[in-house]
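Notes follow once the structure below has been shown.
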Amino acid sequence: MNMHRSLLRLLSLVIPAALLAAWWLAAHKGGISPVLLPAPEAVWASFARMAADGSLAAHIGMSAMRTMAGFLLAAAFGIGCGVWFAVRPAAAAASHLVIEFLRLTPPLALIPVLILWLGIDEAPKIAIVFLSSFFPIYLSALTAVKGIDPKLAEVAELLHFTPAEKFRMLTLPGALPGILAGLRMGFGYSWRALVGAELIAASSGLGFLITESSEFGKTDVVFVGIFTIVVLGVAADALISRLVSALSRRISGAQ
C-alpha cells in the first residue's frame with residue numbers, strides 16, 4: 001500500500017514535469033511562434049512582473065469579489081428553495097416548469113439580456129455566477145432533504161417535536177452532508193461561469209485579462225491568466241473539500 005502511494009505521488013510530479021519539458025522543447029525547438037506558444041520562462045517573467053506591480057492581484061481581487069457575491073446569494077436562495085420545495089411538494093410541482101426552464105438555459109446565453117436589464121457594471125456578472133451555481137446547490141439540497149429516512153418523521157411524532165424542532169434537530173443534520181457537497185459543486189460552477197462572463201463583459205478580472213491580452217497578442221499574459229484561474233480554482237476546491245469533510249465528520253460524531 002505504501003509503495004502504491006509512493007508511486008502515485010511520484011507520477012503526480014513526473015507527469016507535470018514531462019509536460020513542462022515538452023512545452024519548453026516545443027517553444028524553443030519546434031519553430032513555433034511565441035505569439036502562438038510562449039516559452040515557460042516568458043510566462044514566468046510576465047507572472048513575476050504582474051505580481052510585483054500589483055496588477056495581477058487587482059484582477060484576482062475583482063474576480064474573487066464577484067464570485068463570492070454570486071455564490072453566497074446562490075447558496076442562500078438555493079438551500080432555502082431546496083429545503084422549502086422538499087417539504088412542500090405542492091409548491092415544487094407548481095414551480096417545476098419555471099425551474100426547469102431556467103435550469104436548462106445556459107447562463108452565458110443570458111449575458112446580452114442581463115446587460116440590457118442590469119447595465120454593464122457588476123450586477124450582470126454576479127447574476128451569471130448566481131444562475132450558474134444556484135441549481136447545483138438547489139438540487140443537492142432538494143435531494144438531501146427528500147432522502148432523509150422517513151423513520152425520523154415517526155421519531156419526531158413520538159417525541160412531539162414542533163415543526164421548528166423537527167427541522168433543527170432532525171431534518172437539517174440529516175440533510176447537511178448533501179447540502180455541503182452541493183455547495184462545493186456550486187462553487188466550482190460559479191468560478192467557471194465568472195471567467196466566462198468576464199471574457200465577454202468586463203473591464204477587470206481574470207477573464208478580462210485573458211481577453212485583452214489575446215487582442216494585443218500578449219500570449220504570455222494569456223497563459224498567466226489561465227494558470228492563475230486553474231491554481232486558484234484548485235486551491236479553493238481543496239479548501240472547500242476540507243471544510244466539507246471536517247463538517248461532515250463533526251456531524252457524524254454528533255449523531
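To be explicit about the labels: the chains of the C-alpha cells are called A, B, and onward in the order shown, and within each one the residues are counted from 1, while ligands get numbers from 1 in the order they are shown.
Residues surrounding Ala86 (chain A) within 8 Å are A:Gly82, A:Ala92, A:Leu142, A:Thr143, A:Val145, A:Lys146 [only C-alpha atoms; sequence separation below 4 positions excluded].
By chain and then residue number, the residues within 9 Å of Thr211 (chain A) are A:Glu198, A:Leu199, A:Ile200, A:Val222, counting only C-alpha atoms and disregarding those fewer than 6 positions away in sequence.
One distance worth recording is that between CA of His96 (chain A) and CA of Trp84 (chain A), which is 13.2 Å.
Distance check against Gly207 (chain A) using only C-alpha atoms: of A:Gly225, A:Gly70, A:Pro177, A:Gly80, the minimum falls on A:Gly225.
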Inset, instruction - Mind listing the helix (DSSP H, G or I) residues of region 90-154 of chain A, per DSSP on the backbone, as a PyMOL selection string? - result: chain A and resi 90-103+107-118+123-146+151-154
Inset, instruction - Skip Ala175 (chain A) itself and residues of its chain fewer than 6 positions away, then list as a ChimeraX atom specification all residues within 12 Å of it, counting only C-alpha atoms. - result: /A:79,82-83,86,140-149,152,167-169,181-182,248,251-252
Selection to disk with all heavy atoms, as a compact mmCIF listing (two decimals), in the first residue's frame:
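Output file result.txt follows:
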```
# COMPACT_ATOMS: atom_id res chain seq x y z
N ILE A 79 -30.26 26.80 -1.07
CA ILE A 79 -30.58 25.97 0.08
C ILE A 79 -32.01 26.23 0.54
O ILE A 79 -32.77 25.30 0.83
CB ILE A 79 -29.58 26.22 1.23
CG1 ILE A 79 -28.19 25.74 0.82
CG2 ILE A 79 -30.03 25.51 2.50
CD1 ILE A 79 -27.11 26.11 1.81
N GLY A 82 -34.41 24.69 -2.00
CA GLY A 82 -34.32 23.24 -1.98
C GLY A 82 -35.05 22.65 -0.79
O GLY A 82 -35.81 21.68 -0.92
N VAL A 83 -34.81 23.23 0.38
CA VAL A 83 -35.47 22.75 1.59
C VAL A 83 -36.98 22.99 1.53
O VAL A 83 -37.79 22.10 1.85
CB VAL A 83 -34.87 23.41 2.84
CG1 VAL A 83 -35.67 23.06 4.09
CG2 VAL A 83 -33.40 23.00 3.01
N ALA A 86 -38.68 20.66 -0.88
CA ALA A 86 -38.65 19.28 -0.41
C ALA A 86 -39.74 19.00 0.60
O ALA A 86 -40.32 17.91 0.62
CB ALA A 86 -37.28 18.96 0.19
N SER A 140 -29.04 19.74 -4.90
CA SER A 140 -28.42 18.96 -3.83
C SER A 140 -29.22 19.07 -2.54
O SER A 140 -29.43 18.07 -1.84
CB SER A 140 -26.98 19.43 -3.59
OG SER A 140 -26.18 19.19 -4.73
N ALA A 141 -29.65 20.29 -2.22
CA ALA A 141 -30.46 20.48 -1.00
C ALA A 141 -31.79 19.74 -1.12
O ALA A 141 -32.24 19.09 -0.17
CB ALA A 141 -30.68 21.96 -0.76
N LEU A 142 -32.43 19.85 -2.28
CA LEU A 142 -33.72 19.18 -2.51
C LEU A 142 -33.57 17.68 -2.34
O LEU A 142 -34.36 17.02 -1.65
CB LEU A 142 -34.22 19.52 -3.91
CG LEU A 142 -35.56 18.90 -4.34
CD1 LEU A 142 -36.70 19.53 -3.56
CD2 LEU A 142 -35.78 19.10 -5.84
N THR A 143 -32.54 17.10 -2.99
CA THR A 143 -32.32 15.66 -2.93
C THR A 143 -31.95 15.21 -1.52
O THR A 143 -32.40 14.16 -1.04
CB THR A 143 -31.20 15.25 -3.90
OG1 THR A 143 -31.55 15.68 -5.23
CG2 THR A 143 -31.00 13.75 -3.91
N ALA A 144 -31.14 16.02 -0.83
CA ALA A 144 -30.70 15.65 0.52
C ALA A 144 -31.87 15.60 1.49
O ALA A 144 -31.98 14.67 2.30
CB ALA A 144 -29.65 16.64 1.01
N VAL A 145 -32.74 16.58 1.42
CA VAL A 145 -33.89 16.60 2.34
C VAL A 145 -34.86 15.48 2.00
O VAL A 145 -35.39 14.81 2.89
CB VAL A 145 -34.59 17.98 2.30
CG1 VAL A 145 -35.85 17.96 3.15
CG2 VAL A 145 -33.65 19.07 2.78
N LYS A 146 -35.09 15.27 0.71
CA LYS A 146 -36.00 14.19 0.31
C LYS A 146 -35.46 12.81 0.69
O LYS A 146 -36.23 11.87 0.87
CB LYS A 146 -36.25 14.24 -1.20
CG LYS A 146 -37.24 15.31 -1.62
CD LYS A 146 -37.55 15.18 -3.11
CE LYS A 146 -38.67 16.12 -3.51
NZ LYS A 146 -39.03 15.96 -4.94
N GLY A 147 -34.14 12.70 0.76
CA GLY A 147 -33.52 11.41 1.04
C GLY A 147 -33.41 11.07 2.51
O GLY A 147 -32.87 10.01 2.86
N ILE A 148 -33.90 11.92 3.37
CA ILE A 148 -33.84 11.63 4.81
C ILE A 148 -34.73 10.44 5.13
O ILE A 148 -35.84 10.29 4.59
CB ILE A 148 -34.27 12.87 5.61
CG1 ILE A 148 -33.24 13.98 5.43
CG2 ILE A 148 -34.42 12.54 7.08
CD1 ILE A 148 -33.62 15.27 6.10
N ASP A 149 -34.27 9.60 6.02
CA ASP A 149 -35.00 8.39 6.41
C ASP A 149 -36.40 8.76 6.93
O ASP A 149 -36.52 9.55 7.87
CB ASP A 149 -34.22 7.66 7.51
CG ASP A 149 -34.79 6.27 7.79
OD1 ASP A 149 -35.92 5.99 7.36
OD2 ASP A 149 -34.08 5.48 8.43
N LEU A 152 -37.39 8.99 10.65
CA LEU A 152 -37.13 10.15 11.50
C LEU A 152 -38.41 10.95 11.76
O LEU A 152 -38.57 11.55 12.82
CB LEU A 152 -36.07 11.06 10.85
CG LEU A 152 -34.65 10.48 10.78
CD1 LEU A 152 -33.73 11.45 10.05
CD2 LEU A 152 -34.12 10.21 12.19
N PHE A 167 -37.23 20.34 12.20
CA PHE A 167 -36.29 20.81 11.18
C PHE A 167 -34.89 20.98 11.77
O PHE A 167 -33.90 20.55 11.17
CB PHE A 167 -36.77 22.14 10.60
CG PHE A 167 -35.82 22.75 9.61
CD1 PHE A 167 -35.76 22.28 8.31
CD2 PHE A 167 -34.96 23.79 9.98
CE1 PHE A 167 -34.86 22.83 7.39
CE2 PHE A 167 -34.07 24.33 9.08
CZ PHE A 167 -34.03 23.86 7.79
N ARG A 168 -34.80 21.59 12.94
CA ARG A 168 -33.50 21.90 13.52
C ARG A 168 -32.77 20.65 14.02
O ARG A 168 -31.55 20.53 13.87
CB ARG A 168 -33.68 22.88 14.69
CG ARG A 168 -32.36 23.39 15.26
CD ARG A 168 -32.56 24.37 16.39
NE ARG A 168 -33.09 23.74 17.60
CZ ARG A 168 -34.32 23.84 18.03
NH1 ARG A 168 -35.21 24.57 17.36
NH2 ARG A 168 -34.72 23.23 19.14
N MET A 169 -33.51 19.69 14.58
CA MET A 169 -32.86 18.57 15.24
C MET A 169 -32.79 17.30 14.38
O MET A 169 -31.97 16.42 14.64
CB MET A 169 -33.60 18.26 16.55
CG MET A 169 -33.62 19.44 17.51
SD MET A 169 -34.50 19.10 19.05
CE MET A 169 -33.41 17.90 19.80
N ALA A 181 -22.03 19.09 0.10
CA ALA A 181 -21.49 18.61 -1.18
C ALA A 181 -22.00 19.48 -2.33
O ALA A 181 -21.26 19.77 -3.28
CB ALA A 181 -21.88 17.15 -1.39
N GLY A 182 -23.26 19.90 -2.24
CA GLY A 182 -23.81 20.78 -3.27
C GLY A 182 -23.14 22.14 -3.28
O GLY A 182 -22.94 22.74 -4.34
N SER A 248 -18.68 17.32 7.93
CA SER A 248 -19.37 16.05 7.84
C SER A 248 -18.95 15.11 8.98
O SER A 248 -19.78 14.43 9.58
CB SER A 248 -19.09 15.39 6.48
OG SER A 248 -19.60 16.17 5.44
N ILE A 251 -20.57 16.31 12.14
CA ILE A 251 -21.99 15.95 12.17
C ILE A 251 -22.16 14.49 12.51
O ILE A 251 -23.00 14.09 13.34
CB ILE A 251 -22.65 16.26 10.82
CG1 ILE A 251 -22.68 17.78 10.58
CG2 ILE A 251 -24.07 15.70 10.76
CD1 ILE A 251 -23.00 18.15 9.16
N SER A 252 -21.34 13.61 11.87
CA SER A 252 -21.42 12.19 12.13
C SER A 252 -21.09 11.87 13.58
O SER A 252 -21.72 11.04 14.22
CB SER A 252 -20.46 11.42 11.21
OG SER A 252 -20.78 11.66 9.85
```
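Among the candidate residues A:Phe187, A:Ile128, A:Arg5, A:Met68, the one lying nearest to Leu239 (chain A) is A:Phe187, with distances computed using only C-alpha atoms.
Picture a line from CA of Ile226 (chain A) to CA of Ala202 (chain A); it runs 16.5 Å.
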Inset, instruction - Write out as a PyMOL selection string the residues lying within 12 Å of region 47-49 of chain A, counting only C-alpha atoms and excluding same-chain residues fewer than 4 positions away. - result: chain A and resi 40-43+53-57+220-228
Legend entry - Contacts of Gly188 (chain A) within 8 Å, only C-alpha atoms, excl. fewer than 5 positions in-chain, as a PyMOL selection string: chain A and resi 133+233+237
Could the residues in this selection be written to a file with C-alpha atoms, as a tab-separated table (two decimals), in the first residue's frame?
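Result file follows (out30.tsv):
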```tsv
chain	number	residue	atom	x	y	z
A	133	SER	CA	-24.22	27.99	-9.03
A	233	GLY	CA	-9.76	27.08	-8.60
A	237	ASP	CA	-11.87	23.47	-4.25
```
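Separating CA of Glu165 (chain A) from CA of Arg184 (chain A) is a distance of 27.2 Å.
Near Tyr189 (chain A), within 7 Å and counting only C-alpha atoms, sit Ser132, Ser133, Met185 and Ala193 of chain A; same-chain residues fewer than 4 positions away were not included.
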How about saving the chosen residues, all heavy atoms kept, as a PDB file, in the first residue's frame?
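As a result, again.pdb now contains:
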```pdb
ATOM      1  N   SER A 132     -25.466  30.235 -12.401  1.00  0.00           N
ATOM      2  CA  SER A 132     -24.656  29.049 -12.655  1.00  0.00           C
ATOM      3  C   SER A 132     -24.525  28.169 -11.420  1.00  0.00           C
ATOM      4  O   SER A 132     -24.488  26.934 -11.537  1.00  0.00           O
ATOM      5  CB  SER A 132     -23.260  29.459 -13.138  1.00  0.00           C
ATOM      6  OG  SER A 132     -23.337  30.171 -14.342  1.00  0.00           O
ATOM      7  N   SER A 133     -24.439  28.776 -10.250  1.00  0.00           N
ATOM      8  CA  SER A 133     -24.220  27.990  -9.035  1.00  0.00           C
ATOM      9  C   SER A 133     -25.508  27.677  -8.285  1.00  0.00           C
ATOM     10  O   SER A 133     -25.514  26.801  -7.410  1.00  0.00           O
ATOM     11  CB  SER A 133     -23.248  28.725  -8.106  1.00  0.00           C
ATOM     12  OG  SER A 133     -23.697  30.040  -7.841  1.00  0.00           O
ATOM     13  N   MET A 185     -19.882  21.785  -5.143  1.00  0.00           N
ATOM     14  CA  MET A 185     -20.120  21.732  -6.581  1.00  0.00           C
ATOM     15  C   MET A 185     -20.524  23.096  -7.124  1.00  0.00           C
ATOM     16  O   MET A 185     -20.065  23.535  -8.183  1.00  0.00           O
ATOM     17  CB  MET A 185     -21.221  20.702  -6.877  1.00  0.00           C
ATOM     18  CG  MET A 185     -21.437  20.418  -8.353  1.00  0.00           C
ATOM     19  SD  MET A 185     -22.859  19.313  -8.626  1.00  0.00           S
ATOM     20  CE  MET A 185     -22.399  17.936  -7.562  1.00  0.00           C
ATOM     21  N   ALA A 193     -18.133  30.001 -14.412  1.00  0.00           N
ATOM     22  CA  ALA A 193     -19.086  30.909 -15.053  1.00  0.00           C
ATOM     23  C   ALA A 193     -18.609  32.347 -15.007  1.00  0.00           C
ATOM     24  O   ALA A 193     -18.785  33.108 -15.960  1.00  0.00           O
ATOM     25  CB  ALA A 193     -20.446  30.786 -14.379  1.00  0.00           C
TER      26      ALA A 193
END
```
